[in-house]
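Structure file protein_38.cif with mmCIF, C-alpha atoms and all ligand atoms:
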```
data_target
loop_
_atom_site.group_PDB
_atom_site.id
_atom_site.type_symbol
_atom_site.label_atom_id
_atom_site.label_comp_id
_atom_site.auth_asym_id
_atom_site.auth_seq_id
_atom_site.Cartn_x
_atom_site.Cartn_y
_atom_site.Cartn_z
ATOM 1 C CA MET A 1 56.235 -18.527 25.770
ATOM 2 C CA ASP A 2 52.629 -19.505 25.867
ATOM 3 C CA ARG A 3 49.996 -16.952 26.407
ATOM 4 C CA VAL A 4 47.173 -17.395 28.846
ATOM 5 C CA ALA A 5 43.801 -17.190 27.158
ATOM 6 C CA THR A 6 42.074 -14.021 28.185
ATOM 7 C CA CYS A 7 38.459 -12.990 28.266
ATOM 8 C CA LEU A 8 37.131 -11.287 25.184
ATOM 9 C CA ASN A 9 35.447 -8.644 27.278
ATOM 10 C CA HIS A 10 38.180 -8.332 29.875
ATOM 11 C CA PRO A 11 41.600 -8.565 28.241
ATOM 12 C CA ARG A 12 43.279 -8.635 31.628
ATOM 13 C CA ARG A 13 41.304 -11.535 32.987
ATOM 14 C CA GLU A 14 42.082 -15.133 32.421
ATOM 15 C CA ALA A 15 39.500 -16.998 30.413
ATOM 16 C CA ILE A 16 38.059 -19.966 32.223
ATOM 17 C CA GLY A 17 35.488 -21.029 29.688
ATOM 18 C CA VAL A 18 34.747 -21.024 25.986
ATOM 19 C CA CYS A 19 31.307 -20.162 24.694
ATOM 20 C CA VAL A 20 29.922 -23.062 22.705
ATOM 21 C CA LYS A 21 28.084 -20.707 20.395
ATOM 22 C CA CYS A 22 30.641 -18.151 19.314
ATOM 23 C CA ARG A 23 33.757 -19.934 20.587
ATOM 24 C CA GLY A 24 34.672 -16.821 22.482
ATOM 25 C CA GLN A 25 36.891 -17.192 25.510
ATOM 26 C CA MET A 26 35.303 -15.768 28.586
ATOM 27 C CA CYS A 27 36.217 -15.097 32.190
ATOM 28 C CA GLY A 28 34.180 -16.350 35.116
ATOM 29 C CA GLU A 29 32.109 -13.211 35.142
ATOM 30 C CA CYS A 30 31.246 -13.289 31.469
ATOM 31 C CA VAL A 31 30.592 -16.976 31.079
ATOM 32 C CA THR A 32 27.405 -18.609 32.268
ATOM 33 C CA ARG A 33 26.951 -22.313 32.638
ATOM 34 C CA VAL A 34 23.659 -23.671 31.477
ATOM 35 C CA ASP A 35 23.272 -27.407 31.887
ATOM 36 C CA GLY A 36 27.023 -27.723 32.006
ATOM 37 C CA ILE A 37 27.469 -25.792 28.789
ATOM 38 C CA ASN A 38 29.260 -22.488 28.695
ATOM 39 C CA TYR A 39 27.620 -19.488 27.115
ATOM 40 C CA CYS A 40 28.883 -15.963 26.885
ATOM 41 C CA VAL A 41 26.668 -13.047 27.850
ATOM 42 C CA THR A 42 25.788 -12.217 24.269
ATOM 43 C CA CYS A 43 24.867 -15.735 23.290
ATOM 44 C CA LEU A 44 22.957 -16.264 26.518
ATOM 45 C CA ALA A 45 20.906 -13.172 25.808
ATOM 46 C CA ARG A 46 20.203 -14.473 22.334
ATOM 47 C CA LEU A 47 19.308 -17.821 23.784
ATOM 48 C CA ALA A 48 16.894 -16.262 26.221
ATOM 49 C CA ASP A 49 15.488 -14.158 23.420
ATOM 50 C CA ALA A 50 14.636 -17.156 21.306
ATOM 51 C CA GLU A 51 13.742 -19.819 23.791
ATOM 52 C CA LYS A 52 12.760 -22.276 21.144
ATOM 53 C CA PRO A 53 15.554 -23.901 19.193
ATOM 54 C CA SER A 54 15.688 -22.590 15.693
ATOM 55 C CA GLY A 55 15.330 -24.981 12.812
ATOM 56 C CA ALA A 56 11.658 -25.852 12.723
ATOM 57 C CA GLY A 57 10.331 -23.457 10.146
ATOM 58 C CA ALA A 58 10.730 -19.736 10.046
ATOM 59 C CA SER A 59 10.146 -18.104 13.369
ATOM 60 C CA ILE A 60 8.352 -14.815 13.451
ATOM 61 C CA VAL A 61 10.374 -12.321 15.390
ATOM 62 C CA VAL A 62 8.414 -9.425 16.744
ATOM 63 C CA PRO A 63 10.690 -6.449 16.931
ATOM 64 C CA ARG A 64 10.799 -5.199 20.475
ATOM 65 C CA VAL A 65 11.430 -1.734 19.189
ATOM 66 C CA LEU A 66 7.789 -1.577 18.209
ATOM 67 C CA ALA A 67 6.490 -2.106 21.742
ATOM 68 C CA PRO A 68 7.236 1.440 22.966
ATOM 69 C CA ALA A 69 5.875 2.808 19.704
ATOM 70 C CA PHE A 70 2.611 1.000 20.308
ATOM 71 C CA ALA A 71 2.502 2.296 23.856
ATOM 72 C CA MET A 72 3.093 5.805 22.621
ATOM 73 C CA ALA A 73 0.357 5.450 20.021
ATOM 74 C CA TRP A 74 -2.039 4.276 22.695
ATOM 75 C CA LEU A 75 -1.139 7.142 24.981
ATOM 76 C CA PHE A 76 -1.606 9.546 22.112
ATOM 77 C CA LEU A 77 -5.014 8.084 21.301
ATOM 78 C CA LEU A 78 -6.096 8.167 24.934
ATOM 79 C CA THR A 79 -4.948 11.770 25.239
ATOM 80 C CA LEU A 80 -6.923 12.680 22.144
ATOM 81 C CA LEU A 81 -9.984 10.925 23.573
ATOM 82 C CA ALA A 82 -9.569 12.661 26.906
ATOM 83 C CA TRP A 83 -9.299 16.051 25.215
ATOM 84 C CA GLY A 84 -12.326 15.229 23.106
ATOM 85 C CA LEU A 85 -14.297 14.414 26.255
ATOM 86 C CA VAL A 86 -13.222 17.655 27.873
ATOM 87 C CA GLU A 87 -14.441 19.524 24.823
ATOM 88 C CA VAL A 88 -17.794 17.764 25.044
ATOM 89 C CA VAL A 89 -18.276 18.163 28.792
ATOM 90 C CA PHE A 90 -16.987 21.720 29.008
ATOM 91 C CA PRO A 91 -17.687 23.354 25.662
ATOM 92 C CA GLY A 92 -15.831 26.495 24.991
ATOM 93 C CA GLY A 93 -13.550 25.856 27.893
HETATM 94 ZN ZN ZN A 101 29.045 -16.640 22.716
HETATM 95 ZN ZN ZN A 102 35.090 -11.171 31.179
#
```
Serialized structure, structure tokens:
Amino acid sequence: MDRVATCLNHPRREAIGVCVKCRGQMCGECVTRVDGINYCVTCLARLADAEKPSGAGASIVVPRVLAPAFAMAWLFLLTLLAWGLVEVVFPGG
């Protein structure tokens, strides 16, 4: 009794492709073909994240978590500036 390979993400779906990166079996919805090579969603996201192939030196990864923090800091600064201006233009207000 041989079992049909099923998708890692969808246990009830038949796997039609194997990710070359993590060797995970994926269904048609989860697998993406890039240049004839199968990638799962996770590995494709990683691939898109680091477009350049790793290997040539250490790549500097800028944490995306910091982007909103920077935005918040800027907003905070601008708000402070705006309040400062209000204080200057309308003293005692
Ligand atoms: Zn994968
Ligand atoms: Zn799937």
Give me, as CSV, each residue of chain A that comes within 9 Å of ligand ZN 102 (chain A), together with its shortest interatomic pair and the distance in Å at one decimal, counting all atoms listed in the file, with rows ordered by chain and rising residue number.
```
residue,atom,partner,partner_atom,distance
A:Thr6,CA,A:ZN102,ZN,8.1
A:Cys7,CA,A:ZN102,ZN,4.8
A:Leu8,CA,A:ZN102,ZN,6.3
A:Asn9,CA,A:ZN102,ZN,4.7
A:His10,CA,A:ZN102,ZN,4.4
A:Pro11,CA,A:ZN102,ZN,7.6
A:Arg12,CA,A:ZN102,ZN,8.6
A:Arg13,CA,A:ZN102,ZN,6.5
A:Glu14,CA,A:ZN102,ZN,8.1
A:Ala15,CA,A:ZN102,ZN,7.3
A:Gln25,CA,A:ZN102,ZN,8.5
A:Met26,CA,A:ZN102,ZN,5.3
A:Cys27,CA,A:ZN102,ZN,4.2
A:Gly28,CA,A:ZN102,ZN,6.6
A:Glu29,CA,A:ZN102,ZN,5.4
A:Cys30,CA,A:ZN102,ZN,4.4
A:Val31,CA,A:ZN102,ZN,7.3
A:Cys40,CA,A:ZN102,ZN,8.9
```
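Residues of protein, DNA or RNA lying at most 9 Å from ligand ZN 101 (chain A), when only C-alpha atoms and all ligand atoms are considered, are Val18, Cys19, Val20, Lys21, Cys22, Arg23, Gly24, Gln25, Met26, Val31, Asn38, Tyr39, Cys40, Val41, Thr42, Cys43 and Leu44 of chain A.
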Could you work out how far CA of Ala71 in chain A lies from CA of Val88 in chain A, giving the answer in Å with one decimal?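 Separation between CA of Val88 in chain A and CA of Ala71 in chain A: 25.5 Å.
Between CA of Glu51 in chain A and CA of Val65 in chain A there is a distance of 18.8 Å.
The interatomic distance for the pair CA of Arg46 in chain A and CA of Pro68 in chain A works out to 20.5 Å.
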Edge lengths and centre in Å to one decimal, as JSON, of the axis-aligned box that encloses all listed atoms of range 72-91 of chain A with 8 Å added on every side?
```
{"center_x": -7.6, "center_y": 13.8, "center_z": 24.5, "size_x": 37.4, "size_y": 35.1, "size_z": 25.0}
```
